[in-house]
>>> print(open('data.tsv').read())   # TSV, C-alpha atoms
chain	number	residue	atom	x	y	z
A	1	MET	CA	40.72	121.77	113.55
A	2	GLY	CA	41.06	119.48	116.57
A	3	ALA	CA	43.78	116.98	117.36
A	4	ARG	CA	41.45	114.08	116.65
A	5	ASN	CA	40.92	115.19	113.05
A	6	ARG	CA	44.65	115.75	112.58
A	7	LEU	CA	45.39	112.21	113.72
A	8	THR	CA	42.55	110.72	111.68
A	9	TRP	CA	43.79	112.48	108.56
A	10	ALA	CA	47.36	111.32	109.16
A	11	GLY	CA	46.13	107.77	109.69
A	12	ILE	CA	44.28	107.78	106.39
A	13	LEU	CA	47.29	109.12	104.52
A	14	LEU	CA	49.84	106.83	106.11
A	15	SER	CA	47.96	103.55	106.39
A	16	GLY	CA	48.43	102.60	102.72
A	17	GLY	CA	48.81	98.91	102.14
A	18	LEU	CA	48.65	98.23	105.89
A	19	ALA	CA	44.87	98.52	106.05
A	20	ALA	CA	44.44	94.82	105.49
A	21	GLY	CA	46.94	94.03	108.23
A	22	CYS	CA	49.61	92.68	105.93
A	23	VAL	CA	52.88	93.93	104.51
A	24	PRO	CA	53.95	93.03	100.95
A	25	ALA	CA	56.97	90.77	100.57
A	26	LEU	CA	60.19	92.75	100.69
A	27	PRO	CA	62.05	92.91	97.36
A	28	GLN	CA	65.75	93.20	96.73
A	29	PRO	CA	66.52	96.93	96.61
A	30	GLN	CA	68.21	96.65	93.22
A	31	ASP	CA	64.97	95.35	91.67
A	32	ALA	CA	63.47	98.69	90.59
A	33	ASP	CA	60.09	97.27	89.57
A	34	ALA	CA	59.74	95.38	92.85
A	35	VAL	CA	60.71	98.46	94.86
A	36	ASP	CA	58.08	100.48	92.99
A	37	GLY	CA	55.51	97.76	93.65
A	38	LEU	CA	56.21	97.66	97.37
A	39	LEU	CA	56.26	101.43	97.87
A	40	SER	CA	53.15	101.86	95.72
A	41	LYS	CA	51.25	99.39	97.91
A	42	LEU	CA	52.41	101.14	101.07
A	43	ILE	CA	51.74	104.71	99.95
A	44	LEU	CA	49.02	104.78	97.26
A	45	GLN	CA	45.46	104.28	98.51
A	46	PRO	CA	42.95	104.02	95.65
A	47	TYR	CA	40.20	102.52	97.80
A	48	VAL	CA	39.94	105.37	100.30
A	49	THR	CA	36.62	107.11	99.69
A	50	CYS	CA	35.81	110.80	99.52
A	51	GLU	CA	33.71	110.32	102.65
A	52	GLN	CA	36.75	109.03	104.55
A	53	LEU	CA	38.86	111.94	103.35
A	54	LYS	CA	36.18	114.44	104.35
A	55	SER	CA	35.85	112.84	107.77
A	56	GLY	CA	39.61	112.92	108.28
A	57	LEU	CA	39.69	116.65	107.59
A	58	GLY	CA	36.52	117.38	109.53
A	59	LEU	CA	34.74	118.37	106.31
A	60	ASP	CA	31.56	116.36	106.71
A	61	PHE	CA	29.60	119.51	105.86
A	62	LEU	CA	30.77	119.34	102.24
A	63	PRO	CA	28.20	117.83	99.85
A	64	ASP	CA	28.79	114.44	98.27
A	65	VAL	CA	29.40	114.84	94.53
A	66	SER	CA	30.50	112.25	92.01
A	67	ASP	CA	31.23	114.53	89.07
A	68	PRO	CA	31.55	118.26	88.34
A	69	SER	CA	27.87	118.67	87.47
A	70	GLY	CA	27.08	117.94	91.13
A	71	ALA	CA	29.15	121.02	92.00
A	72	ASP	CA	27.38	123.12	89.33
A	73	LEU	CA	30.41	123.00	87.06
A	74	ARG	CA	30.33	122.54	83.31
A	75	TYR	CA	32.71	119.80	82.17
A	76	GLU	CA	33.81	117.40	79.48
A	77	GLU	CA	34.89	113.84	80.26
A	78	SER	CA	37.64	112.27	78.17
A	79	TRP	CA	39.87	109.21	78.30
A	80	ILE	CA	43.59	109.61	77.71
A	81	VAL	CA	45.39	106.53	76.39
A	82	THR	CA	48.86	106.09	77.89
A	83	PRO	CA	51.79	104.61	75.92
A	84	ASP	CA	51.23	101.29	77.73
A	85	TYR	CA	47.53	101.36	76.79
A	86	GLU	CA	45.99	102.26	80.12
A	87	LEU	CA	43.10	104.75	80.26
A	88	LEU	CA	43.09	107.88	82.42
A	89	ARG	CA	39.65	109.35	83.14
A	90	THR	CA	40.03	113.09	82.64
A	91	TRP	CA	37.72	116.03	83.29
A	92	TYR	CA	38.08	119.38	81.55
A	93	LEU	CA	36.28	122.24	83.30
A	94	PRO	CA	36.23	125.23	80.92
A	95	THR	CA	35.31	128.69	82.18
A	96	ARG	CA	33.86	131.69	80.41
A	97	LEU	CA	36.76	133.96	81.38
A	98	GLN	CA	39.43	131.44	80.30
A	99	ARG	CA	42.12	133.22	82.31
A	100	GLY	CA	44.43	130.23	82.05
A	101	THR	CA	44.55	126.46	82.42
A	102	ILE	CA	45.50	124.65	85.62
A	103	VAL	CA	46.19	120.90	85.65
A	104	LEU	CA	45.44	119.40	89.06
A	105	SER	CA	47.59	116.50	90.27
A	106	MET	CA	45.70	114.68	93.04
A	107	GLY	CA	47.00	113.17	96.26
A	108	ALA	CA	47.56	109.57	97.35
A	109	ALA	CA	43.97	108.77	98.30
A	110	GLY	CA	40.48	108.91	96.85
A	111	ASP	CA	39.38	109.57	93.29
A	112	VAL	CA	39.28	112.75	91.25
A	113	ALA	CA	35.84	113.74	92.58
A	114	CYS	CA	37.37	114.21	96.04
A	115	TYR	CA	39.19	117.28	94.72
A	116	LEU	CA	36.21	119.10	93.22
A	117	PHE	CA	36.06	121.66	96.04
A	118	ILE	CA	39.48	122.98	94.99
A	119	ALA	CA	38.55	122.76	91.31
A	120	LYS	CA	35.47	124.88	91.99
A	121	LEU	CA	37.58	127.51	93.78
A	122	LEU	CA	39.78	127.74	90.70
A	123	ALA	CA	36.93	127.75	88.19
A	124	GLY	CA	35.06	130.35	90.22
A	125	ASN	CA	37.96	132.72	89.63
A	126	GLY	CA	38.04	132.10	85.90
A	127	TRP	CA	40.72	129.41	85.72
A	128	SER	CA	39.93	126.43	83.51
A	129	VAL	CA	40.82	123.14	85.19
A	130	VAL	CA	41.98	119.75	83.93
A	131	MET	CA	41.88	116.97	86.53
A	132	TYR	CA	42.13	113.21	86.30
A	133	ASP	CA	42.07	109.91	88.16
A	134	ASN	CA	45.53	108.57	88.84
A	135	ARG	CA	46.29	105.21	87.25
A	136	GLY	CA	44.43	102.51	89.19
A	137	PHE	CA	42.25	105.11	90.97
A	138	GLY	CA	38.59	105.84	90.34
A	139	LEU	CA	37.72	104.83	86.78
A	140	SER	CA	41.27	104.93	85.40
A	141	THR	CA	42.65	101.52	84.48
A	142	GLY	CA	45.89	99.84	85.50
A	143	SER	CA	47.60	99.26	88.83
A	144	PRO	CA	48.62	102.15	91.09
A	145	SER	CA	52.29	102.93	90.53
A	146	LEU	CA	54.55	105.64	91.88
A	147	ASN	CA	56.80	105.37	88.84
A	148	ALA	CA	53.83	105.98	86.54
A	149	LEU	CA	52.73	109.19	88.28
A	150	GLY	CA	55.11	111.47	86.38
A	151	PRO	CA	54.66	110.00	82.88
A	152	ASP	CA	50.88	109.95	83.33
A	153	LEU	CA	50.80	113.59	84.46
A	154	GLU	CA	52.95	114.52	81.48
A	155	GLN	CA	50.38	112.85	79.21
A	156	VAL	CA	47.62	114.89	80.84
A	157	VAL	CA	49.61	118.13	80.53
A	158	ASP	CA	50.11	117.55	76.80
A	159	TRP	CA	46.44	116.62	76.41
A	160	ALA	CA	45.44	119.84	78.20
A	161	ARG	CA	47.67	121.92	75.93
A	162	ALA	CA	46.17	120.32	72.84
A	163	ARG	CA	42.59	120.64	74.09
A	164	THR	CA	42.90	124.30	75.09
A	165	GLY	CA	45.30	125.43	72.39
A	166	ARG	CA	47.66	126.87	74.99
A	167	GLU	CA	51.41	126.45	74.75
A	168	GLN	CA	51.77	126.12	78.51
A	169	VAL	CA	49.69	125.24	81.57
A	170	THR	CA	50.09	125.67	85.32
A	171	VAL	CA	50.41	122.49	87.40
A	172	LEU	CA	48.90	122.34	90.90
A	173	GLY	CA	50.05	119.36	92.98
A	174	ILE	CA	48.30	118.38	96.19
A	175	SER	CA	50.12	116.27	98.81
A	176	LEU	CA	51.60	113.25	97.00
A	177	GLY	CA	50.53	114.84	93.72
A	178	THR	CA	53.37	117.31	94.21
A	179	ILE	CA	55.88	114.56	93.39
A	180	PRO	CA	54.89	114.16	89.72
A	181	ALA	CA	54.15	117.90	89.54
A	182	VAL	CA	57.77	118.74	90.35
A	183	SER	CA	59.06	116.03	88.01
A	184	VAL	CA	57.02	117.23	85.03
A	185	ALA	CA	57.79	120.90	85.68
A	186	ALA	CA	61.51	120.06	85.75
A	187	ARG	CA	61.44	117.94	82.60
A	188	ARG	CA	59.03	120.08	80.58
A	189	PRO	CA	59.77	123.80	80.94
A	190	ASP	CA	58.23	124.20	77.48
A	191	ALA	CA	54.87	122.99	78.80
A	192	VAL	CA	54.66	124.28	82.40
A	193	ASN	CA	54.64	128.03	83.11
A	194	ALA	CA	54.12	127.82	86.89
A	195	LEU	CA	54.09	125.26	89.69
A	196	ILE	CA	51.90	125.28	92.81
A	197	LEU	CA	52.69	122.80	95.60
A	198	ASP	CA	50.10	122.36	98.35
A	199	SER	CA	51.69	120.45	101.27
A	200	PRO	CA	54.51	118.95	99.19
A	201	VAL	CA	55.66	115.46	100.06
A	202	ALA	CA	59.32	114.41	100.14
A	203	MET	CA	59.61	110.78	99.06
A	204	GLY	CA	62.74	110.26	101.12
A	205	GLU	CA	60.72	111.13	104.22
A	206	GLU	CA	57.88	108.84	103.13
A	207	ILE	CA	60.25	105.87	102.86
A	208	LYS	CA	61.79	106.63	106.25
A	209	ARG	CA	58.27	106.69	107.70
A	210	PHE	CA	57.94	102.99	106.87
A	211	SER	CA	61.47	102.07	107.97
A	212	GLY	CA	60.17	99.77	110.70
A	213	LEU	CA	58.53	97.61	108.02
A	214	LEU	CA	61.44	97.54	105.61
A	215	ALA	CA	63.73	95.22	107.57
A	216	GLY	CA	66.83	97.37	107.32
A	217	LEU	CA	66.40	98.07	103.61
A	218	THR	CA	65.49	101.75	104.00
A	219	GLN	CA	68.84	103.20	102.93
A	220	ALA	CA	69.21	100.73	100.07
A	221	MET	CA	65.76	101.66	98.78
A	222	LEU	CA	66.53	105.35	99.05
A	223	ALA	CA	69.65	104.74	96.98
A	224	SER	CA	67.77	102.81	94.29
A	225	ILE	CA	64.57	104.86	94.01
A	226	ASN	CA	63.69	106.59	90.76
A	227	PRO	CA	65.21	110.10	91.08
A	228	GLU	CA	62.07	111.56	89.48
A	229	LEU	CA	60.28	110.65	92.73
A	230	LEU	CA	62.52	112.89	94.84
A	231	PRO	CA	61.03	116.40	94.64
A	232	GLU	CA	63.32	117.58	97.42
A	233	GLU	CA	66.13	117.19	94.85
A	234	ARG	CA	64.29	117.56	91.54
A	235	ILE	CA	62.95	120.98	92.55
A	236	ARG	CA	66.44	122.35	91.84
A	237	ASP	CA	65.81	121.82	88.12
A	238	VAL	CA	62.45	123.62	87.92
A	239	ARG	CA	62.70	126.88	85.98
A	240	ALA	CA	59.09	128.01	86.36
A	241	PRO	CA	57.96	130.17	89.30
A	242	VAL	CA	56.96	128.10	92.34
A	243	LEU	CA	54.30	128.74	95.00
A	244	ILE	CA	54.39	126.48	98.08
A	245	TYR	CA	51.73	126.20	100.78
A	246	LEU	CA	53.08	125.09	104.18
A	247	HIS	CA	50.78	124.11	107.07
A	248	GLU	CA	52.50	124.52	110.41
A	249	ASP	CA	50.58	121.67	112.12
A	250	ASP	CA	51.37	119.25	109.28
A	251	ILE	CA	52.40	115.86	110.70
A	252	VAL	CA	52.44	114.17	107.28
A	253	THR	CA	55.10	116.45	105.85
A	254	PRO	CA	56.79	118.34	108.70
A	255	PRO	CA	57.33	122.07	108.07
A	256	ALA	CA	61.12	121.61	108.18
A	257	THR	CA	60.89	119.20	105.24
A	258	ILE	CA	58.81	121.64	103.21
A	259	GLU	CA	61.28	124.40	104.05
A	260	THR	CA	64.04	122.19	102.62
A	261	ILE	CA	62.09	121.78	99.38
A	262	PHE	CA	61.55	125.55	99.25
A	263	ASN	CA	65.21	126.32	99.97
A	264	ASN	CA	66.33	123.89	97.26
A	265	ALA	CA	64.18	125.61	94.63
A	266	THR	CA	66.27	127.82	92.35
A	267	SER	CA	63.55	129.64	90.39
A	268	LEU	CA	61.38	132.55	91.51
A	269	LYS	CA	59.65	131.17	94.59
A	270	THR	CA	57.07	132.04	97.25
A	271	LEU	CA	56.38	130.24	100.54
A	272	ILE	CA	53.04	130.77	102.30
A	273	ARG	CA	52.59	129.58	105.89
A	274	PHE	CA	49.28	128.67	107.51
A	275	PRO	CA	49.59	128.55	111.32
A	276	GLY	CA	47.41	126.07	113.19
A	277	LEU	CA	46.44	123.99	110.16
A	278	PRO	CA	47.35	120.40	109.24
A	279	HIS	CA	48.19	118.81	105.89
A	280	VAL	CA	46.32	120.26	102.85
A	281	ALA	CA	43.74	122.05	105.02
A	282	SER	CA	44.07	125.67	103.87
A	283	PRO	CA	41.64	125.56	100.89
A	284	TYR	CA	38.90	124.47	103.29
A	285	TYR	CA	39.67	126.42	106.46
A	286	ARG	CA	41.44	129.52	105.10
A	287	THR	CA	39.69	129.73	101.76
A	288	ALA	CA	40.02	133.48	101.26
A	289	GLN	CA	43.73	133.52	102.09
A	290	TYR	CA	44.43	130.43	99.98
A	291	THR	CA	42.69	132.02	97.01
A	292	TYR	CA	44.31	135.42	97.52
A	293	TYR	CA	47.84	134.04	97.44
A	294	LEU	CA	47.05	131.87	94.44
A	295	GLU	CA	45.63	134.86	92.56
A	296	THR	CA	48.58	137.06	93.49
A	297	PHE	CA	50.93	134.39	92.19
A	298	LEU	CA	49.12	133.40	89.00
A	299	THR	CA	47.75	136.68	87.65
A	300	PRO	CA	51.06	138.20	86.49
A	301	ILE	CA	52.12	134.85	85.02
A	302	TRP	CA	49.05	134.55	82.83
A	303	ASP	CA	48.34	138.26	82.24
A	304	PRO	CA	51.40	140.17	80.97
A	305	ALA	CA	49.61	143.47	81.57
A	306	ALA	CA	49.51	142.69	85.31
A	307	ARG	CA	53.26	142.19	85.60
A	308	PRO	CA	55.16	144.84	87.53
A	309	PRO	CA	57.52	147.03	85.49
A	310	GLN	CA	61.06	145.75	85.20
>>> encode(input="data.tsv", output="structure tokens")
Amino acid sequence: MGARNRLTWAGILLSGGLAAGCVPALPQPQDADAVDGLLSKLILQPYVTCEQLKSGLGLDFLPDVSDPSGADLRYEESWIVTPDYELLRTWYLPTRLQRGTIVLSMGAAGDVACYLFIAKLLAGNGWSVVMYDNRGFGLSTGSPSLNALGPDLEQVVDWARARTGREQVTVLGISLGTIPAVSVAARRPDAVNALILDSPVAMGEEIKRFSGLLAGLTQAMLASINPELLPEERIRDVRAPVLIYLHEDDIVTPPATIETIFNNATSLKTLIRFPGLPHVASPYYRTAQYTYYLETFLTPIWDPAARPPQ
């Protein structure tokens, strides 16, 4: 992947609320709702299209699909009602083998259809997939909110358990989707048996990235942010096994930051490095390796017979 695509991808991910050339009014740091509103506008990007994401990653060769049927995947569409009465569009992709259930937590841009390539990789290996539009993205209702990411994912995890009849599911977080993935895995060890983090994002680093726009409020915001949004700290409380994918040319989340997240993890953990690749690129450019490490990690978790002797 060339430097141009790396920079384009970073620009898409980091532009956020700046695309219109304006910055939201700065709140007082102690106003938690206002802080969430500002950071959500800066970081969450519901109007970025799948075409823009593909272009940023140099993936223009991928077909345009709007639902799983366009990727030759069988699926059910459902709508999960949140406690505050918003609706989350959810897709369940069952497989014949039913090796296990993976809940996919999407990144900061695009809608759920943008992540169907990864869902097809999983389904092709017999893993059933549950994926959904974040609040305020795609066809889900409400306004995009960082603080809602964790509670909404928890709703989806419980829905997936009820729909499949499984006591636990695996959570796969991609980019910003790793933030709620870590939060839910930490809070719900009864529901999450494994955690996969593809290019995990550290919220502290995200806030520092916008420090020039925050008029000296960066440290105050860091001090007042919801601790559930800090995976670099919350990862310490995750009991489930953790697999982390690190891309050595990642300029969105520098490798040193991902190494900190990995080092802070206290459960059984595995770190996989992909030299020469930028943020979230391995499923597309190192597909065989990405799948191999995922299979090596997940198989003994879901299949007791595959576990090595103690």
>>> closest_residue(input="data.tsv", among="A:Ile272, A:Ala34, A:Val157, A:Val130", to="Tyr293 of chain A", atoms="only C-alpha atoms")
A:Ile272
>>> closest_residue(input="data.tsv", among="A:Leu229, A:Val280, A:Glu205, A:Pro304", to="Thr260 of chain A", atoms="all atoms listed in the file")
A:Glu205
>>> residues_around(input="data.tsv", residues="Ser145 of chain A", least_positions_apart="3", cutoff="9 Å", atoms="only C-alpha atoms", output="MDAnalysis selection string")
chainID A and resid 36:37 39:41 44 134:136 142 148:149
>>> closest_residue(input="data.tsv", among="A:Asp111, A:Asp158, A:Glu206, A:Glu232", to="Leu53 of chain A", atoms="all atoms listed in the file")
A:Asp111
>>> closest_residue(input="data.tsv", among="A:Asn125, A:Asp237, A:Ile301, A:Thr164", to="Ala288 of chain A", atoms="all atoms listed in the file")
A:Asn125
>>> closest_residue(input="data.tsv", among="A:Val201, A:Glu259, A:Leu246, A:Leu122", to="Leu298 of chain A", atoms="only C-alpha atoms")
A:Leu122
>>> decode(input="data.tsv", residues="segment 121-158 of chain A", atoms="N, CA and C atoms", output="compact mmCIF listing (two decimals), in the first residue's frame")
# COMPACT_ATOMS: atom_id res chain seq x y z
N LEU A 121 -15.21 -13.32 5.61
CA LEU A 121 -14.06 -14.14 6.01
C LEU A 121 -14.43 -15.03 7.20
N LEU A 122 -15.11 -14.45 8.17
CA LEU A 122 -15.49 -15.20 9.36
C LEU A 122 -16.50 -16.29 9.01
N ALA A 123 -17.55 -15.90 8.29
CA ALA A 123 -18.59 -16.87 7.94
C ALA A 123 -18.04 -17.99 7.06
N GLY A 124 -17.10 -17.66 6.20
CA GLY A 124 -16.51 -18.67 5.34
C GLY A 124 -15.76 -19.74 6.10
N ASN A 125 -15.37 -19.44 7.32
CA ASN A 125 -14.69 -20.41 8.17
C ASN A 125 -15.62 -21.01 9.23
N GLY A 126 -16.92 -20.79 9.06
CA GLY A 126 -17.89 -21.45 9.92
C GLY A 126 -18.30 -20.68 11.15
N TRP A 127 -17.84 -19.42 11.27
CA TRP A 127 -18.23 -18.61 12.42
C TRP A 127 -19.49 -17.81 12.09
N SER A 128 -20.52 -17.93 12.90
CA SER A 128 -21.69 -17.08 12.73
C SER A 128 -21.35 -15.67 13.20
N VAL A 129 -21.94 -14.68 12.55
CA VAL A 129 -21.58 -13.28 12.80
C VAL A 129 -22.83 -12.47 13.15
N VAL A 130 -22.70 -11.62 14.14
CA VAL A 130 -23.71 -10.60 14.43
C VAL A 130 -23.02 -9.25 14.28
N MET A 131 -23.61 -8.38 13.45
CA MET A 131 -23.03 -7.07 13.20
C MET A 131 -24.16 -6.04 13.16
N TYR A 132 -23.83 -4.79 13.40
CA TYR A 132 -24.89 -3.80 13.55
C TYR A 132 -24.38 -2.41 13.21
N ASP A 133 -25.32 -1.52 12.87
CA ASP A 133 -25.01 -0.11 12.69
C ASP A 133 -24.90 0.55 14.06
N ASN A 134 -23.81 1.27 14.28
CA ASN A 134 -23.74 2.07 15.50
C ASN A 134 -24.89 3.07 15.55
N ARG A 135 -25.25 3.48 16.72
CA ARG A 135 -26.28 4.51 16.92
C ARG A 135 -25.96 5.74 16.05
N GLY A 136 -26.95 6.17 15.26
CA GLY A 136 -26.76 7.33 14.40
C GLY A 136 -26.03 7.03 13.11
N PHE A 137 -25.67 5.78 12.87
CA PHE A 137 -25.01 5.36 11.64
C PHE A 137 -25.97 4.50 10.81
N GLY A 138 -25.80 4.54 9.49
CA GLY A 138 -26.62 3.69 8.64
C GLY A 138 -28.09 3.90 8.91
N LEU A 139 -28.80 2.80 9.21
CA LEU A 139 -30.24 2.88 9.47
C LEU A 139 -30.57 2.88 10.96
N SER A 140 -29.57 2.83 11.83
CA SER A 140 -29.85 2.94 13.26
C SER A 140 -30.25 4.37 13.61
N THR A 141 -31.14 4.51 14.56
CA THR A 141 -31.64 5.83 14.93
C THR A 141 -30.75 6.46 16.00
N GLY A 142 -31.08 7.71 16.34
CA GLY A 142 -30.35 8.41 17.39
C GLY A 142 -29.20 9.24 16.86
N SER A 143 -28.50 9.88 17.77
CA SER A 143 -27.33 10.70 17.43
C SER A 143 -26.07 9.94 17.80
N PRO A 144 -25.04 10.00 16.96
CA PRO A 144 -23.78 9.32 17.30
C PRO A 144 -23.26 9.78 18.65
N SER A 145 -22.84 8.83 19.47
CA SER A 145 -22.39 9.15 20.82
C SER A 145 -21.33 8.16 21.26
N LEU A 146 -20.17 8.69 21.68
CA LEU A 146 -19.13 7.81 22.22
C LEU A 146 -19.61 7.10 23.48
N ASN A 147 -20.31 7.83 24.34
CA ASN A 147 -20.76 7.22 25.59
C ASN A 147 -21.77 6.11 25.38
N ALA A 148 -22.46 6.12 24.24
CA ALA A 148 -23.46 5.08 23.96
C ALA A 148 -22.85 3.83 23.33
N LEU A 149 -21.60 3.91 22.88
CA LEU A 149 -21.01 2.77 22.17
C LEU A 149 -21.00 1.51 23.03
N GLY A 150 -20.55 1.62 24.27
CA GLY A 150 -20.48 0.44 25.13
C GLY A 150 -21.84 -0.13 25.49
N PRO A 151 -22.77 0.68 26.01
CA PRO A 151 -24.09 0.15 26.31
C PRO A 151 -24.80 -0.45 25.10
N ASP A 152 -24.64 0.16 23.93
CA ASP A 152 -25.28 -0.39 22.73
C ASP A 152 -24.66 -1.74 22.36
N LEU A 153 -23.34 -1.84 22.42
CA LEU A 153 -22.70 -3.13 22.13
C LEU A 153 -23.15 -4.19 23.13
N GLU A 154 -23.28 -3.81 24.37
CA GLU A 154 -23.74 -4.78 25.38
C GLU A 154 -25.14 -5.29 25.04
N GLN A 155 -26.01 -4.39 24.56
CA GLN A 155 -27.34 -4.80 24.11
C GLN A 155 -27.24 -5.82 22.98
N VAL A 156 -26.34 -5.57 22.04
CA VAL A 156 -26.19 -6.47 20.89
C VAL A 156 -25.63 -7.82 21.35
N VAL A 157 -24.67 -7.80 22.26
CA VAL A 157 -24.11 -9.05 22.79
C VAL A 157 -25.21 -9.89 23.44
N ASP A 158 -26.04 -9.27 24.25
CA ASP A 158 -27.11 -10.02 24.91
C ASP A 158 -28.14 -10.51 23.89
